[in-house]
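Asker: Have a look at this one.
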Amino acid sequence: MVFIFLRRILHSIRTMIQESFTLLFLLPQTRGSTEEKHKTDNDYEFIQRSKIRTMHFQASLPRLPIPKLEDTCRRYLNAQKPLLSEEEFTKTKSFVNQFLENEGLIFQNELIKKDKKNRHTSYISEYWFDMYLRDRRPLPINYNPIIIYTQESDERYNDQLVKATNFIVSSARFMKSLRAGILEPEVFHLNPKKSNTELFRTIISMLPSWISCYGAYAFKAFPLDMSQYENLFNSTRIPEFGKDRIFLEKSARHILVMRGGNFYCFDVINPDGTLVSPVEIAANLNFILGDNKGSSKNPIGIFTTSERDQWAKARAHLLKIGNNDVLQKIDSAAFALILDDEDFSQEFMNLLRNFLHGDGKNRWFDKSFSLIITKDGSAAVNFEHSWGDGIAILRYFQDVKTDISKHWWFQPEDKLLISKIKPDVESLEFTVDEKVKDMIEFEVKKYKELTDSLSVDYIKYDEFGKELIKQFGASPDAIIQLAIQLAFYKQEGRTAASYESCSTAAFKHGRTDTVRPCTEQTKKVCSILAEKSSEVSNAELKKMIVDCSKAHTELVKNAAMGQGFDRHLFALKKMQEELGSSKSPLFEDPAFSSLNYNILCTSTLSTPAMLGGGFGPVVPEGFGIGYMMLNKEIRGLITSYSEHKNAKEFVKNLTAALEDIRKVVISP
């Protein structure tokens, strides 16, 4: 009887999770403050002192499910239908049916067996790391995304020295809390008034780790995987031939600072484990900002912009001629602080380019993340993608901004104290020879050609936002995705393979899955609005837009619950390679390749602390579309390669698409 009772409880919890996962990845995350109400001298050391240990939920997080083969095949065909002609679809369907009845069953069974032997992780984790680390393309534009901070309203706090000091302090506080295990775990609170409370934290902290998730589910609170945080600090992607590796050195106490292509480092944690004071950090930064050595004649950082095997070759030579200690300092640094000497206050598009790629001379794109601060105080995070996804970096991004806004550990007037402090900065000097100089010259030229080929534009649409869409009864994310589909349809008169990233962090070692926003419903609406058909009434269009939203929401729910088809097929294809099986017609089908050639690659991260975010196109003929939706505003960063696509024209069409949708939504 007890077993039956427990089984019923678990079934109820599982049902509640399934009903709530749609909201989990469409709503902003809510997380309560765990700071002490009464300040003490020790408050400076940690950004949080959570009652619930950082990794408390890891042991009881559910495992990422392997979808049923028939479900994956059905969802795959649904995604293909709006992209293919009837003849093409019939052919693809025959390949899918063959796969479902023959080789797909073999691959599925072997994948399940392998998954059962590796219960400590998810079935996709190893494959996904491998996918990133084996790709030989350069990191900037191809992989590293950016998220940009909003500026301060008080210009005094946009001073480069003041802002950089505060970012370092708050980052070190975050890092130290994470290392001590007292950074609050990432939890989505479906009903914050009931679960984002001290009672919740007290009860959950008392539960054993192996059942803690189930306790949280009873409060309708959903813990997220924290495993990626391991590589947030002191981590670097090291180039190696064929496949890179991720290096981690948690004992290191310093950060890397770059200015003018020159390298510096200094400690942010003292030998006794306490944080270095804000004024000491400011004194070190002031020394670096005042260093008049000029821009480096041999900017080694340019190598991190190159093709990975080429960088591995250059790194091997750098080690050979005696640069082991310098590279060790760079690789083990907590993170990279990039100080740019340019003022972009009047050049917004150039600011976006600077954060996304720059000229490569004052960057180290291999670091887990780089905090970039320009002369005018604009700030952004550029992060390497193999170690983790948007949820981890956004948590850091938000918490640091919140901490700075609360405290401003170093005030503008504190500059007067700097002269009393002796800086403690180490300049890192590379040994170079003629071969290194030649390689640098080659990479500088090559990188300029790459960045010059990129088209970058920005949209800020303030005619409506989340509020109006929710009043209309649709998902804000679905409406943005419909607008993106419509913009492309206006521009090219067709549909295209489209990708939206969706986190699977509700599962142990979950990464992402794919939402396919191009549906039969969006295709129908796009054809009507783009061709300005007068035969369809606004009332009919409203219903069709709501249908688009319902279809999209279902796709998001499936992906968030680990029921997307993309990662599953990716793993099955990997299983085919491991088994040495003959190639499946499904994977050789041109339609399979076309679907995975993502012309429209999209992703969203939204927070009031964020001005915008974005990334490069993932294919030469594609668009990279990073967007965010606020209550009354929509923003987006659009990139493309000028030879193939026009980002400026896409922004124009996206604006028109949003306007078309708005007119329907507000119509009587």
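Identifiers for the structure tokens are assigned positionally: chains receive A, B, ... in sequence, residues are indexed from 1 per chain, and ligands are indexed from 1 in the order shown.
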Fewer than 5 positions away in the same chain doesn't count, so skip those; otherwise give me all residues within 8 Å of segment 270-276 of chain A, counting only C-alpha atoms, as a list in words.
Answerer: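 Selected residues are Tyr44, Glu45, Ala172, Arg173, Arg253 and Ile281 of chain A.
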Asker: Give me, as a PyMOL selection string, all polymer residues having an atom no more than 12 Å from segment 109-114 of chain A, counting only C-alpha atoms and skipping those fewer than 3 positions away in the same chain.
Answerer: chain A and resi 64-69+102-106+117-124+126-127+568-579
Asker: Have a look at A:Ile625, A:Val664, A:Ser212, A:Met561 and name the one nearest to Glu540 of chain A; count only C-alpha atoms.
Answerer: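 Using only C-alpha atoms, the shortest distance to Glu540 of chain A belongs to A:Val664.
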Asker: Name the closest residue to Ser498 of chain A among the candidates A:Pro412, A:Gly624, A:Gly613, A:Gly260; distances are taken between atoms, counting only C-alpha atoms.
Answerer: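 Residue with the minimum atom-to-atom distance to Ser498 of chain A: A:Gly624.
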Asker: Here is a test: counting only C-alpha atoms, which residue of A:Glu88, A:Asp267, A:Asp366, A:Asp43 is nearest to Pro590 of chain A?
Answerer: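 For Pro590 of chain A, the nearest of the given residues is A:Glu88.
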Asker: Ranking A:Phe488, A:Phe592, A:Phe507, A:Phe241 by minimum distance to Ala312 of chain A and counting only C-alpha atoms, which one comes first?
Answerer: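 For Ala312 of chain A, the nearest of the candidates is A:Phe241.
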Asker: Enumerate the residues of segment 174-245 of chain A with a DSSP assignment of strand (DSSP E or B), computed from the backbone, and present them as JSON, numbers by chain.
Answerer: {"A": [187, 188, 189, 221, 222, 223, 235, 236, 237, 238, 245]}
Asker: Which of these, A:Arg49, A:His407, A:Lys401, A:His509, has the shortest distance to Glu152 of chain A once you count only C-alpha atoms?
Answerer: A:Lys401
Asker: Of the residues A:Glu633, A:Glu70, A:Glu467, A:Asp115, which is the one nearest to Val96 of chain A, using only C-alpha atoms?
Answerer: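 Closest candidate: A:Glu70.
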